[in-house]
>>> print(open('my_file03.txt').read())   # compact mmCIF, C-alpha atoms and all ligand atoms
# COMPACT_ATOMS: atom_id res chain seq x y z
CA MET A 19 3.18 36.06 32.86
CA ALA A 20 2.45 33.49 30.16
CA SER A 21 -1.21 33.00 29.28
CA ASP A 22 -2.83 29.57 29.32
CA GLN A 23 -2.75 29.56 25.54
CA GLU A 24 0.98 30.29 25.49
CA ARG A 25 1.63 27.55 28.02
CA ILE A 26 -0.33 25.10 25.85
CA ARG A 27 1.68 26.11 22.76
CA GLU A 28 4.95 25.63 24.64
CA ARG A 29 3.82 22.24 25.84
CA ILE A 30 2.91 21.14 22.27
CA LYS A 31 6.36 22.26 21.07
CA ALA A 32 8.00 20.22 23.81
CA LEU A 33 5.88 17.15 22.95
CA LEU A 34 6.91 17.37 19.28
CA LYS A 35 10.56 17.35 20.34
CA LYS A 36 10.21 14.02 22.14
CA PRO A 37 11.79 11.06 20.30
CA GLY A 38 9.50 9.62 17.63
CA ASN A 39 7.08 12.55 17.60
CA GLY A 40 9.09 14.54 15.05
CA ASN A 41 7.82 12.36 12.18
CA CYS A 42 4.32 11.32 11.13
CA ALA A 43 3.36 8.08 12.92
CA ASP A 44 1.98 6.62 9.68
CA CYS A 45 3.99 7.84 6.68
CA GLY A 46 7.15 9.18 8.37
CA VAL A 47 7.25 12.69 6.91
CA PRO A 48 8.93 15.18 9.24
CA GLU A 49 7.20 17.84 11.34
CA PRO A 50 3.68 16.52 11.88
CA GLU A 51 1.18 19.29 12.52
CA TRP A 52 -1.77 17.17 13.60
CA ALA A 53 -2.45 14.70 16.37
CA SER A 54 -5.01 12.06 17.19
CA TYR A 55 -6.20 12.67 20.74
CA THR A 56 -7.87 9.27 20.97
CA LEU A 57 -4.88 7.23 19.73
CA GLY A 58 -2.16 9.51 21.11
CA VAL A 59 -0.16 9.85 17.87
CA PHE A 60 1.31 12.76 15.91
CA VAL A 61 0.54 12.70 12.19
CA CYS A 62 1.01 14.81 9.06
CA HIS A 63 -1.75 16.79 7.37
CA SER A 64 -2.42 14.10 4.70
CA CYS A 65 -2.58 11.26 7.20
CA SER A 66 -4.85 13.31 9.48
CA GLY A 67 -7.30 13.35 6.55
CA LEU A 68 -7.17 9.55 6.40
CA HIS A 69 -7.69 9.31 10.17
CA ARG A 70 -11.01 11.07 9.57
CA ASN A 71 -12.07 7.93 7.64
CA ILE A 72 -11.89 6.04 10.94
CA ALA A 73 -13.45 8.78 13.04
CA GLN A 74 -15.01 6.22 15.40
CA ILE A 75 -11.46 5.29 16.50
CA SER A 76 -9.35 8.31 15.78
CA LYS A 77 -10.18 11.94 16.45
CA VAL A 78 -7.71 14.45 15.04
CA LYS A 79 -7.04 18.11 15.64
CA SER A 80 -4.53 20.58 14.31
CA LEU A 81 -1.68 21.20 16.75
CA LEU A 82 -1.35 24.73 15.45
CA LEU A 83 -4.91 25.91 15.00
CA ASP A 84 -7.22 23.97 17.28
CA PRO A 85 -7.67 24.48 21.02
CA TRP A 86 -6.14 21.78 23.24
CA SER A 87 -6.93 21.00 26.85
CA SER A 88 -4.21 20.00 29.27
CA SER A 89 -5.81 16.56 29.76
CA GLU A 90 -5.63 15.91 26.02
CA LEU A 91 -1.97 16.90 26.01
CA GLU A 92 -1.34 14.69 29.00
CA PHE A 93 -2.77 11.76 27.06
CA LEU A 94 -0.62 12.59 24.01
CA ASP A 95 2.38 12.74 26.33
CA SER A 96 1.54 9.37 27.89
CA VAL A 97 1.38 7.64 24.47
CA GLY A 98 3.29 9.29 21.61
CA ASN A 99 4.53 7.77 18.36
CA ILE A 100 7.06 5.31 19.79
CA ALA A 101 4.65 3.67 22.25
CA ALA A 102 1.86 3.61 19.63
CA LYS A 103 4.18 1.93 17.12
CA ALA A 104 5.14 -0.69 19.70
CA LYS A 105 1.45 -1.42 20.17
CA TYR A 106 -0.07 -1.11 16.68
CA GLU A 107 2.92 -2.35 14.64
CA GLN A 108 3.88 -5.26 16.90
CA ILE A 109 3.93 -7.89 14.17
CA VAL A 110 3.99 -6.32 10.73
CA PRO A 111 5.02 -9.13 8.34
CA ALA A 112 8.35 -8.44 6.62
CA PHE A 113 6.75 -8.55 3.16
CA TYR A 114 3.89 -6.17 4.09
CA TYR A 115 4.22 -2.93 2.16
CA ARG A 116 4.76 0.06 4.43
CA PRO A 117 3.66 3.06 2.41
CA THR A 118 5.36 6.44 2.34
CA SER A 119 3.83 9.84 1.63
CA LYS A 120 4.71 9.39 -2.07
CA ASP A 121 2.57 6.29 -2.51
CA TYR A 122 -0.90 5.93 -3.96
CA VAL A 123 -3.27 7.18 -1.24
CA LEU A 124 -5.15 3.85 -1.06
CA LEU A 125 -2.01 2.19 0.33
CA LEU A 126 -1.80 4.77 3.12
CA ASP A 127 -5.52 4.63 3.81
CA GLN A 128 -5.42 0.85 4.16
CA TRP A 129 -2.21 0.94 6.22
CA ILE A 130 -3.91 3.28 8.71
CA ARG A 131 -7.08 1.15 8.77
CA ALA A 132 -5.05 -2.08 9.12
CA LYS A 133 -3.12 -0.62 12.06
CA TYR A 134 -5.78 1.09 14.12
CA GLU A 135 -9.17 -0.07 12.88
CA ARG A 136 -8.58 -3.77 12.12
CA LYS A 137 -5.55 -4.11 14.44
CA GLU A 138 -3.99 -6.55 11.97
CA PHE A 139 -0.52 -6.18 13.40
CA MET A 140 -1.55 -7.15 16.91
CA SER A 141 -2.66 -10.72 16.07
CA VAL A 142 -1.58 -13.07 13.27
CA GLU A 143 -5.09 -14.45 12.64
CA ARG A 144 -6.10 -11.08 11.21
CA GLN A 145 -3.36 -11.34 8.56
CA GLU A 146 -4.81 -14.40 6.87
CA PRO A 147 -6.00 -12.59 3.69
CA TYR A 148 -2.36 -12.08 2.65
CA SER A 149 -0.36 -14.47 4.84
CA ALA A 150 -2.11 -17.78 4.18
CA GLY A 151 -0.14 -18.66 1.04
CA TYR A 152 -3.37 -19.09 -0.92
CA ARG A 153 -5.87 -16.53 -2.10
CA GLU A 154 -8.85 -16.87 -4.35
CA GLY A 155 -11.34 -14.26 -5.49
CA CYS A 156 -12.83 -12.25 -8.31
CA LEU A 157 -11.28 -9.14 -9.79
CA TRP A 158 -12.38 -6.91 -12.65
CA LYS A 159 -9.92 -7.51 -15.47
CA ARG A 160 -9.59 -5.29 -18.51
CA GLY A 161 -10.21 -7.10 -21.79
CA ARG A 162 -7.20 -7.22 -24.08
CA ASP A 163 -9.12 -6.20 -27.20
CA ASN A 164 -12.19 -4.21 -26.20
CA GLY A 165 -10.87 -2.62 -22.99
CA GLN A 166 -14.01 -3.64 -21.10
CA TYR A 167 -13.74 -4.91 -17.57
CA MET A 168 -15.01 -8.42 -16.90
CA SER A 169 -15.14 -10.28 -13.60
CA ARG A 170 -12.49 -13.01 -13.54
CA LYS A 171 -11.57 -15.58 -10.94
CA PHE A 172 -7.98 -15.26 -9.71
CA ILE A 173 -6.03 -17.79 -7.67
CA LEU A 174 -2.69 -17.15 -6.03
CA THR A 175 -0.93 -20.23 -4.74
CA GLU A 176 2.41 -20.10 -3.05
CA ARG A 177 2.78 -23.89 -3.17
CA GLU A 178 2.56 -23.89 -6.99
CA GLY A 179 4.39 -20.56 -7.19
CA VAL A 180 1.80 -19.07 -9.55
CA LEU A 181 -0.94 -16.50 -9.97
CA LYS A 182 -3.60 -17.61 -12.44
CA TYR A 183 -6.96 -16.45 -13.68
CA PHE A 184 -9.93 -18.11 -15.32
CA ASN A 185 -12.20 -16.69 -18.01
CA LYS A 186 -15.22 -18.67 -16.82
CA HIS A 187 -15.88 -19.18 -13.15
CA ASP A 188 -16.33 -22.93 -13.60
CA ALA A 189 -13.46 -23.30 -16.09
CA ARG A 190 -10.92 -26.00 -15.34
CA GLU A 191 -8.08 -24.58 -17.35
CA PRO A 192 -6.77 -21.16 -16.43
CA LYS A 193 -6.61 -18.51 -19.15
CA ALA A 194 -3.15 -17.48 -17.97
CA ILE A 195 -0.61 -18.84 -15.52
CA MET A 196 1.84 -16.26 -14.21
CA LYS A 197 4.96 -17.54 -12.47
CA ILE A 198 5.28 -15.66 -9.20
CA ASN A 199 9.02 -15.11 -9.69
CA THR A 200 8.24 -12.97 -12.77
CA VAL A 201 5.15 -11.20 -11.40
CA ASN A 202 5.24 -7.52 -10.46
CA ALA A 203 2.19 -5.66 -9.16
CA THR A 204 1.96 -1.88 -8.84
CA PHE A 205 -0.90 0.50 -8.22
CA GLN A 206 -1.47 2.57 -11.36
CA ALA A 207 -4.93 3.99 -10.79
CA ALA A 208 -4.39 7.22 -12.73
CA LYS A 209 -2.86 5.45 -15.71
CA ILE A 210 -5.46 2.69 -15.78
CA GLY A 211 -8.31 5.11 -15.13
CA VAL A 212 -10.12 3.10 -12.45
CA PRO A 213 -9.94 3.50 -8.66
CA ASN A 214 -7.75 0.89 -6.93
CA GLY A 215 -6.35 -0.13 -10.34
CA LEU A 216 -3.44 -2.56 -10.21
CA GLN A 217 -1.08 -3.29 -13.08
CA ILE A 218 0.28 -6.83 -13.03
CA THR A 219 3.32 -7.49 -15.19
CA TYR A 220 4.71 -10.95 -15.87
CA LEU A 221 6.88 -12.82 -18.29
CA LYS A 222 5.53 -15.26 -20.82
CA ASP A 223 7.78 -16.91 -23.37
CA ASN A 224 10.45 -14.32 -22.52
CA SER A 225 8.23 -11.36 -23.34
CA THR A 226 6.59 -8.95 -20.90
CA ARG A 227 2.81 -9.11 -20.55
CA ASN A 228 0.53 -6.75 -18.66
CA ILE A 229 -2.90 -7.20 -17.21
CA PHE A 230 -4.97 -4.50 -15.52
CA VAL A 231 -7.30 -5.33 -12.65
CA TYR A 232 -9.25 -3.66 -9.88
CA HIS A 233 -11.70 -4.32 -7.09
CA GLU A 234 -14.22 -1.75 -5.82
CA ASP A 235 -13.18 -2.54 -2.27
CA GLY A 236 -9.82 -0.96 -1.49
CA LYS A 237 -9.06 -3.50 1.25
CA GLU A 238 -9.49 -6.40 -1.19
CA MET A 239 -7.08 -4.83 -3.65
CA VAL A 240 -4.42 -4.04 -1.04
CA ASP A 241 -4.79 -7.58 0.34
CA TRP A 242 -4.12 -8.95 -3.18
CA PHE A 243 -1.12 -6.65 -3.49
CA ASN A 244 0.34 -7.85 -0.19
CA ALA A 245 -0.53 -11.50 -0.92
CA ILE A 246 1.50 -11.24 -4.14
CA ARG A 247 4.37 -9.69 -2.17
CA ALA A 248 4.13 -12.51 0.40
CA ALA A 249 4.30 -15.18 -2.32
CA ARG A 250 7.29 -13.47 -3.95
CA TYR A 251 8.99 -13.12 -0.56
CA HIS A 252 8.66 -16.82 0.17
CA TYR A 253 9.80 -17.72 -3.33
CA LEU A 254 12.91 -15.54 -2.93
CA GLN A 255 13.66 -16.96 0.52
CA VAL A 256 13.85 -20.42 -1.04
CA ALA A 257 15.72 -19.25 -4.14
CA PHE A 258 18.30 -17.26 -2.17
CA PRO A 259 18.82 -19.05 1.13
CA GLY A 260 20.71 -16.93 3.61
CA ALA A 261 19.78 -13.64 1.94
CA THR A 262 18.77 -10.93 4.41
CA ASN A 263 15.47 -9.05 4.43
CA SER A 264 17.24 -5.87 3.36
CA GLU A 265 18.37 -7.74 0.24
CA LEU A 266 15.03 -9.43 -0.49
CA LEU A 267 12.43 -6.78 0.33
CA PRO A 268 13.41 -4.29 -2.40
CA LYS A 269 12.83 -7.11 -4.93
CA LEU A 270 9.18 -7.65 -3.97
CA THR A 271 7.78 -4.71 -5.92
CA ARG A 272 9.41 -2.76 -8.70
CA ASN A 273 7.72 0.60 -8.65
CA TYR A 274 9.32 1.90 -11.78
CA ILE A 275 8.44 0.09 -14.95
CA LYS A 276 10.45 1.02 -18.02
CA GLU A 277 7.60 -0.17 -20.16
CA GLY A 278 7.14 1.73 -23.39
CA TYR A 279 10.56 3.31 -23.14
CA MET A 280 11.68 2.37 -26.63
CA GLU A 281 8.40 3.22 -28.30
CA LYS A 282 7.79 6.53 -26.60
CA THR A 283 11.10 8.12 -25.81
CA GLY A 284 13.60 5.93 -27.62
CA PRO A 285 16.33 7.49 -29.78
CA LYS A 286 14.27 6.88 -32.91
CA TRP A 287 11.76 9.57 -31.98
CA ARG A 288 14.03 12.17 -30.53
CA PRO A 289 15.28 13.73 -33.77
CA ILE A 290 11.69 14.14 -34.95
CA LEU A 291 10.60 15.84 -31.74
CA ASN A 292 13.64 18.09 -31.82
CA ALA A 293 13.01 18.96 -35.47
CA ASN A 294 9.46 19.99 -34.61
CA ARG A 295 10.60 22.18 -31.77
CA ASP A 296 13.26 23.89 -33.86
ZN ZN B 301 1.68 11.05 7.28
>>> encode(input="my_file03.txt", output="structure tokens")
Amino acid sequence: MASDQERIRERIKALLKKPGNGNCADCGVPEPEWASYTLGVFVCHSCSGLHRNIAQISKVKSLLLDPWSSSELEFLDSVGNIAAKAKYEQIVPAFYYRPTSKDYVLLLDQWIRAKYERKEFMSVERQEPYSAGYREGCLWKRGRDNGQYMSRKFILTEREGVLKYFNKHDAREPKAIMKINTVNATFQAAKIGVPNGLQITYLKDNSTRNIFVYHEDGKEMVDWFNAIRAARYHYLQVAFPGATNSELLPKLTRNYIKEGYMEKTGPKWRPILNANRD
């Protein structure tokens, strides 16, 4: 006769086989080994760690190692990843970046907080920080010459189609005006050496410029990132009428920047490196 423990294990296996439960509810990786018994979702090991950041809402346990009661499993059975998605991802804006397991962890952390803690995708009013078409605030910007970070006022305006920043908070003239159609923002915390660091690339006089910014508050930085994506999305919708989301969305963020290619790994240097190795 099967023991209670064996019956519980069998039941967990069966739950994981139900549609939707075979992939992490938050990042999509296959074979989740954890579950939130307060939200009713199955998640991967990394996302379970991020759920611990919202422990007042989500309580996680290992499906393999922790003890489970039959009432907890009943609850998991009654919700599951498909029903939870229908609830917590009701109205995710098309431009909103849905992170994968390969992304910078801040994006996943904020995605999980946005879904379950702030419930941003259950009511449009909560999406104002990135959906309003206008955003203004201060970011730490790395100085071009001395590398020191200074607080700068940034304004993103969809109507003007630009992102601009000001060197003095009461300055009338912006220090730089970046046309939103040329702007690309990517998280590059390791490269920049500050948490939540964002690299913003844009074109000026046909040459590529970079600025490096961050905000101590991860939510602020991810809101800026999505606000930039929103502005680019609306620009592209006007520029390419009739284009589908599957055509436009990949254009919102370029994650691979070929910057430095010629200087660092261009053909000029190869013979020298090879000579050294030989
Ligand atoms: Zn995950």
>>> closest_residue(input="my_file03.txt", among="A:Glu24, A:Leu83, A:Leu126, A:Phe93", to="ligand ZN 301 (chain B)", atoms="all atoms listed in the file")
A:Leu126
>>> residues_around(input="my_file03.txt", residues="Ser88 (chain A)", least_positions_apart="6", cutoff="12 Å", atoms="all atoms listed in the file", output="list in words")
Asp22, Gln23, Arg25, Ile26, Arg27, Glu28, Arg29, Ile30, Tyr55, Leu94 and Asp95 of chain A
>>> residues_around(input="my_file03.txt", residues="Ala194 (chain A)", least_positions_apart="2", cutoff="10 Å", atoms="all atoms listed in the file", output="list in words")
Phe172, Val180, Leu181, Lys182, Tyr183, Phe184, Asn185, Glu191, Pro192, Met196, Lys197 and Lys222 of chain A
>>> residues_near_ligand(input="my_file03.txt", ligand="ligand ZN 301 (chain B)", cutoff="10 Å", atoms="only C-alpha atoms and all ligand atoms", output="list of chain:residue names")
A:Asn41, A:Cys42, A:Ala43, A:Asp44, A:Cys45, A:Gly46, A:Val47, A:Pro48, A:Glu49, A:Pro50, A:Glu51, A:Trp52, A:Phe60, A:Val61, A:Cys62, A:His63, A:Ser64, A:Cys65, A:Ser66, A:Gly67, A:Leu68, A:His69, A:Pro117, A:Thr118, A:Ser119, A:Lys120, A:Leu126, A:Ile130
>>> atom_distance(input="my_file03.txt", atom1="CA of Val110 (chain A)", atom2="CA of Ser141 (chain A)")
9.6 Å
>>> atom_distance(input="my_file03.txt", atom1="CA of Lys237 (chain A)", atom2="CA of Tyr115 (chain A)")
13.3 Å
>>> decode(input="my_file03.txt", residues="region 98-233 of chain A", atoms="C-alpha atoms", output="tab-separated table (two decimals), in the first residue's frame")
chain	number	residue	atom	x	y	z
A	98	GLY	CA	-2.28	26.56	-11.52
A	99	ASN	CA	-0.25	28.55	-14.03
A	100	ILE	CA	-2.93	29.06	-16.69
A	101	ALA	CA	-5.57	30.46	-14.32
A	102	ALA	CA	-2.95	32.61	-12.53
A	103	LYS	CA	-1.78	34.04	-15.85
A	104	ALA	CA	-5.36	34.87	-16.82
A	105	LYS	CA	-5.67	36.78	-13.56
A	106	TYR	CA	-2.27	38.45	-13.06
A	107	GLU	CA	-1.39	39.05	-16.74
A	108	GLN	CA	-4.82	40.25	-17.87
A	109	ILE	CA	-3.62	43.45	-19.49
A	110	VAL	CA	0.13	43.42	-20.02
A	111	PRO	CA	0.84	46.26	-22.50
A	112	ALA	CA	2.28	45.00	-25.80
A	113	PHE	CA	5.47	47.03	-25.35
A	114	TYR	CA	6.06	45.84	-21.75
A	115	TYR	CA	9.21	43.74	-21.59
A	116	ARG	CA	8.50	40.16	-20.52
A	117	PRO	CA	11.78	38.86	-19.16
A	118	THR	CA	13.19	35.38	-19.68
A	119	SER	CA	15.54	33.42	-17.44
A	120	LYS	CA	18.49	34.84	-19.42
A	121	ASP	CA	17.72	38.46	-18.55
A	122	TYR	CA	19.24	40.69	-15.91
A	123	VAL	CA	17.70	39.57	-12.62
A	124	LEU	CA	16.24	43.04	-11.88
A	125	LEU	CA	13.89	42.64	-14.86
A	126	LEU	CA	12.58	39.35	-13.47
A	127	ASP	CA	12.34	40.69	-9.94
A	128	GLN	CA	10.29	43.68	-11.11
A	129	TRP	CA	8.14	41.54	-13.41
A	130	ILE	CA	7.21	39.33	-10.45
A	131	ARG	CA	6.56	42.35	-8.20
A	132	ALA	CA	4.55	44.10	-10.95
A	133	LYS	CA	2.39	41.00	-11.43
A	134	TYR	CA	1.66	39.86	-7.91
A	135	GLU	CA	2.62	42.66	-5.53
A	136	ARG	CA	1.54	45.79	-7.43
A	137	LYS	CA	-1.02	43.99	-9.63
A	138	GLU	CA	-0.13	46.34	-12.50
A	139	PHE	CA	-1.64	44.09	-15.14
A	140	MET	CA	-5.05	43.99	-13.51
A	141	SER	CA	-5.81	47.73	-13.84
A	142	VAL	CA	-4.53	50.32	-16.34
A	143	GLU	CA	-4.19	53.12	-13.75
A	144	ARG	CA	-1.27	51.25	-12.19
A	145	GLN	CA	0.62	51.38	-15.50
A	146	GLU	CA	0.89	55.15	-15.60
A	147	PRO	CA	4.66	55.31	-14.86
A	148	TYR	CA	5.38	53.83	-18.30
A	149	SER	CA	2.13	54.19	-20.24
A	150	ALA	CA	1.40	57.90	-19.85
A	151	GLY	CA	3.55	59.04	-22.80
A	152	TYR	CA	5.46	61.43	-20.54
A	153	ARG	CA	7.96	60.73	-17.82
A	154	GLU	CA	10.14	63.06	-15.84
A	155	GLY	CA	12.63	62.31	-13.09
A	156	CYS	CA	16.21	62.29	-11.90
A	157	LEU	CA	18.75	59.63	-12.77
A	158	TRP	CA	22.42	59.29	-11.89
A	159	LYS	CA	24.35	59.87	-15.09
A	160	ARG	CA	28.00	59.03	-15.56
A	161	GLY	CA	30.14	62.03	-16.48
A	162	ARG	CA	31.76	61.80	-19.89
A	163	ASP	CA	35.20	62.89	-18.71
A	164	ASN	CA	35.58	62.08	-15.02
A	165	GLY	CA	33.32	59.01	-14.83
A	166	GLN	CA	31.56	60.40	-11.77
A	167	TYR	CA	27.83	60.02	-11.41
A	168	MET	CA	25.79	63.21	-11.15
A	169	SER	CA	22.04	63.57	-10.68
A	170	ARG	CA	20.44	64.77	-13.92
A	171	LYS	CA	16.86	65.56	-14.82
A	172	PHE	CA	15.50	63.40	-17.63
A	173	ILE	CA	12.32	63.95	-19.62
A	174	LEU	CA	10.77	61.47	-22.00
A	175	THR	CA	8.02	62.85	-24.19
A	176	GLU	CA	6.20	60.76	-26.71
A	177	ARG	CA	4.54	63.82	-28.25
A	178	GLU	CA	7.94	65.35	-29.12
A	179	GLY	CA	9.41	61.92	-29.81
A	180	VAL	CA	12.48	62.60	-27.66
A	181	LEU	CA	14.34	61.71	-24.49
A	182	LYS	CA	16.33	64.63	-23.11
A	183	TYR	CA	18.35	65.48	-20.05
A	184	PHE	CA	19.38	68.67	-18.31
A	185	ASN	CA	22.67	69.41	-16.57
A	186	LYS	CA	21.08	71.82	-14.10
A	187	HIS	CA	17.68	71.13	-12.63
A	188	ASP	CA	16.42	74.61	-13.50
A	189	ALA	CA	18.12	74.71	-16.92
A	190	ARG	CA	15.93	75.66	-19.86
A	191	GLU	CA	18.01	74.10	-22.57
A	192	PRO	CA	18.61	70.37	-22.44
A	193	LYS	CA	22.19	69.12	-22.53
A	194	ALA	CA	21.21	66.44	-25.03
A	195	ILE	CA	18.14	65.63	-27.07
A	196	MET	CA	17.86	62.00	-28.13
A	197	LYS	CA	15.38	61.16	-30.87
A	198	ILE	CA	13.30	58.23	-29.67
A	199	ASN	CA	13.55	56.46	-33.03
A	200	THR	CA	17.34	56.14	-32.53
A	201	VAL	CA	17.30	55.38	-28.80
A	202	ASN	CA	18.14	51.92	-27.47
A	203	ALA	CA	18.19	51.10	-23.77
A	204	THR	CA	19.67	47.91	-22.30
A	205	PHE	CA	20.53	46.84	-18.78
A	206	GLN	CA	24.31	46.52	-18.52
A	207	ALA	CA	24.86	46.50	-14.77
A	208	ALA	CA	27.98	44.33	-14.81
A	209	LYS	CA	29.63	46.31	-17.58
A	210	ILE	CA	28.73	49.69	-16.09
A	211	GLY	CA	29.60	48.56	-12.56
A	212	VAL	CA	26.53	49.95	-10.79
A	213	PRO	CA	23.35	48.12	-9.77
A	214	ASN	CA	20.38	48.76	-12.08
A	215	GLY	CA	22.76	50.35	-14.63
A	216	LEU	CA	21.20	51.16	-17.98
A	217	GLN	CA	23.12	51.91	-21.16
A	218	ILE	CA	21.29	54.30	-23.48
A	219	THR	CA	22.55	54.45	-27.04
A	220	TYR	CA	21.41	57.04	-29.57
A	221	LEU	CA	22.44	58.65	-32.79
A	222	LYS	CA	23.72	62.18	-33.03
A	223	ASP	CA	24.96	63.62	-36.30
A	224	ASN	CA	25.07	60.07	-37.69
A	225	SER	CA	27.40	58.80	-34.99
A	226	THR	CA	26.54	56.52	-32.06
A	227	ARG	CA	26.60	58.03	-28.58
A	228	ASN	CA	26.27	56.26	-25.25
A	229	ILE	CA	25.20	57.46	-21.87
A	230	PHE	CA	25.17	55.40	-18.68
A	231	VAL	CA	22.54	55.94	-16.01
A	232	TYR	CA	21.09	54.27	-12.95
A	233	HIS	CA	18.61	54.75	-10.14
